[in-house]
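Colleague: Could you have a look at this structure, given as structure tokens, before my questions?
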Amino acid sequence: MVASSSPTVLRRYVALELRRLRETAGFKREQVAERLRCVVSHVSHLETMRNLPKGPELEVLLDFYGAAERIPAFLDLVDSARKGRDWWIPFKGTAPEWFDLFLAMESSAMQIDSYDSMIVPGLFQTPAYAKAVIRAGEPELADAEFARRLELRMARQDVLTRQPDPPIVWRVLDESVLYRPAGEPQVLVEQLEHLVKLLDLPTLTVQVLPLEVGVHAGIDGTFTVLTFPPELEGDPGIGYTEAPTRGTYYEDQAEIMTYRNTLRRIQVHARAPDDTRTLLVRRIEELT
């Protein structure tokens, strides 16, 4: 079940669902602890990704919550989560720890949607452009650490052509991104040329939001919304924003829907995909 999913994604899903099922059944953690004959903190750990449930206690929990029919599927999920290995483990420690969860979720997402307000997003960056972005954000990085950070960013891009079932990717770029230099002028030219090539991927759509739109729904900045496969029944997806010191994950369904609706409003004002390609080509010509 969901064989291609990151074990981190599966652990998150199991934790979220156990909490949701408990709350839907109307039980407090103290009542669940009494049924399992364990301490309350253990129930909390099961619902916050710290621990995976063992098979027997999972069967007891799902029966207690009135969801016994889901026991086989959950046992498969837990087994996959225990046996799996996240692709980014060789890079662990290269990026901030709070970014690890995003790396896992991005690699397993069925759909990746975003508004990017300042730079070309990491999934689309050329090595030269990525170098400029990384150096600008962390000029103090040692050369070895810088090289590993760049290698990680390039490795992330494998998700775009993931087999089987690459994700559907829909990203809106603010038009200012097309004008913001990244070191030598040729770096931006090569980056825009790479963007044009990426548009040939059947699962990828890019729109540019014109500057003349002015103040708009996404004025507060970049955000990403991830949607997961239907096998993860009931998973609402996740909203993600990032600041220099932390990433923020939004898992509440109402919050995620706010981001989805914001993106729809931005898409309405953005150039159509075909017009975006034309704009990119024209901008390349201006720079060369």
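Naming scheme: A, B, ... for chains in displayed order of the structure tokens; residues 1 onward per chain; ligands 1 onward as shown.
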Which residues, written as a ChimeraX atom specification, have at least one atom at most 12 Å from Thr161 (chain A), with only C-alpha atoms counted and residues fewer than 3 positions away on the same chain left out?
Modeller: /A:107,123,155-158,164-169,198,200-204
Colleague: Can I get the selected residues back with N, CA and C atoms, as a tab-separated table (two decimals), in the first residue's frame?
Modeller:
chain	number	residue	atom	x	y	z
A	107	SER	N	8.46	14.49	-1.73
A	107	SER	CA	8.82	13.33	-2.55
A	107	SER	C	7.67	12.36	-2.72
A	123	LEU	N	12.73	23.28	-6.94
A	123	LEU	CA	12.50	22.16	-7.86
A	123	LEU	C	12.83	22.52	-9.30
A	155	ALA	N	19.10	16.95	-6.07
A	155	ALA	CA	18.50	15.62	-5.89
A	155	ALA	C	16.99	15.72	-5.70
A	156	ARG	N	16.53	16.79	-5.07
A	156	ARG	CA	15.08	16.98	-4.87
A	156	ARG	C	14.34	16.97	-6.20
A	157	GLN	N	14.98	17.44	-7.23
A	157	GLN	CA	14.30	17.61	-8.51
A	157	GLN	C	13.92	16.30	-9.19
A	158	ASP	N	14.45	15.20	-8.68
A	158	ASP	CA	14.09	13.89	-9.25
A	158	ASP	C	12.60	13.61	-9.13
A	164	PRO	N	6.80	5.18	-10.73
A	164	PRO	CA	5.68	5.60	-11.57
A	164	PRO	C	4.97	6.82	-10.97
A	165	ASP	N	4.06	7.36	-11.72
A	165	ASP	CA	3.17	8.42	-11.25
A	165	ASP	C	3.89	9.66	-10.73
A	166	PRO	N	4.54	10.42	-11.61
A	166	PRO	CA	5.11	11.69	-11.17
A	166	PRO	C	4.01	12.62	-10.68
A	167	PRO	N	4.33	13.54	-9.78
A	167	PRO	CA	3.29	14.41	-9.25
A	167	PRO	C	2.82	15.43	-10.27
A	168	ILE	N	1.58	15.88	-10.11
A	168	ILE	CA	1.08	17.02	-10.86
A	168	ILE	C	1.63	18.28	-10.18
A	169	VAL	N	2.32	19.10	-10.93
A	169	VAL	CA	2.95	20.29	-10.36
A	169	VAL	C	2.36	21.53	-11.03
A	198	LEU	N	11.30	22.78	-19.02
A	198	LEU	CA	10.47	22.06	-18.06
A	198	LEU	C	8.99	22.09	-18.44
A	200	ASP	N	7.72	21.37	-21.05
A	200	ASP	CA	7.38	20.24	-21.92
A	200	ASP	C	6.93	19.03	-21.12
A	201	LEU	N	7.17	19.03	-19.81
A	201	LEU	CA	6.71	17.91	-18.98
A	201	LEU	C	5.18	17.94	-18.92
A	202	PRO	N	4.52	16.84	-19.23
A	202	PRO	CA	3.05	16.85	-19.28
A	202	PRO	C	2.40	17.05	-17.92
A	203	THR	N	3.16	16.84	-16.85
A	203	THR	CA	2.58	16.95	-15.50
A	203	THR	C	2.88	18.30	-14.85
A	204	LEU	N	3.48	19.22	-15.61
A	204	LEU	CA	3.94	20.48	-15.02
A	204	LEU	C	3.27	21.67	-15.69
Colleague: For region 29-44 of chain A, work out the shell of residues within 10 Å, counting only C-alpha atoms and skipping chain neighbours fewer than 2 positions away, then give it as a list in words.
Modeller: Ala15, Leu18, Arg19, Arg22, Glu23, Gly26, Phe27, Leu46, Glu47, Thr48, Met49, Arg50, Asn51, Pro53, Pro56, Glu57, Leu58, Val60, Leu61, Phe64 and Tyr65 of chain A
Colleague: Grab the CA of Ile284 (chain A) to CA of Val187 (chain A) distance for me, in Å with one decimal place.
Modeller: 11.2 Å
Colleague: Would you mind listing what lies within 12 Å of Gly221 (chain A) as a list in words, with only C-alpha atoms counted and same-chain residues fewer than 4 positions away left out?
Modeller: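 The filter keeps Ser114, Tyr115, Asp116, Ser117, Met118, Ile119, Val172, Leu173, Asp174, Val215, His216, Ala217, Tyr240, Thr241, Glu242, Ala243, Tyr259, Thr262, Leu263 and Ile266 of chain A.
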Colleague: Considering only C-alpha atoms, can you say which of A:Val159, A:Asp220, A:Pro229, A:Gln207 comes closest to Val268 (chain A)?
Modeller: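 For Val268 (chain A), the nearest of the given residues is A:Gln207.
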Colleague: Please identify which residues in region 63-236 of chain A DSSP calls strand (DSSP E or B) from the backbone, and express them as a list in words.
Modeller: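 Result set for region 63-236 of chain A (strand (DSSP E or B)): Gln111, Ile112, Asp113, Ser114, Tyr115, Asp116, Ile168, Val169, Trp170, Arg171, Val172, Leu173, Asp174, Leu204, Thr205, Val206, Gln207, Val208, Leu209, Phe223, Thr224, Val225, Leu226 and Thr227 of chain A.
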Colleague: So the first atom is CA of Pro244 (chain A) and the second is CA of Trp98 (chain A); what is the distance between them in Å, to one decimal place?
Modeller: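 According to the coordinates, CA of Pro244 (chain A) and CA of Trp98 (chain A) are separated by 11.2 Å.
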Colleague: In Å, rounded to a single decimal, give me how far CA of Gly239 (chain A) is from CA of Ile256 (chain A).
Modeller: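 So the answer is 5.4 Å.
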Colleague: Hey, what's within 12 Å of region 230-235 of chain A if we count only C-alpha atoms and toss same-chain stuff fewer than 5 positions away? As a VMD selection string, please?
Modeller: chain A and resid 1 to 5 9 to 18 20 to 21 70 73 to 74 76 to 77 108 to 111 251 to 253 256
Colleague: With only C-alpha atoms as the counted atoms, please give the residues lying no more than 8 Å from Thr94 (chain A), apart from itself and same-chain residues fewer than 4 positions off, as a PyMOL selection string.
Modeller: chain A and resi 145+148-149+152
Colleague: Step one, run DSSP on the backbone; step two, keep only residues of region 66-267 of chain A assigned to alpha helix (DSSP H); then write them as a PyMOL selection string.
Modeller: chain A and resi 71-83+100-108+127-137+143-156+185-198+253-267
Colleague: Which one of A:Val177, A:Ala128, A:Leu209, A:Val225 sits closest to Arg283 (chain A) if you count only C-alpha atoms?
Modeller: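 Once distances to Arg283 (chain A) are computed over only C-alpha atoms, the minimum belongs to A:Val177.
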Colleague: Point out the residue among A:Leu226, A:Ala270, A:Val120, A:Leu141 with the least atom-to-atom distance to Leu211 (chain A), counting only C-alpha atoms.
Modeller: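 Of all the options, A:Ala270 lies closest to Leu211 (chain A).
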Colleague: Could you check which of A:Leu52, A:Thr8, A:Arg162, A:Lys28 is closest to Asp86 (chain A), using only C-alpha atoms?
Modeller: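 Between A:Leu52, A:Thr8, A:Arg162, A:Lys28, the residue approaching Asp86 (chain A) most closely is A:Thr8.
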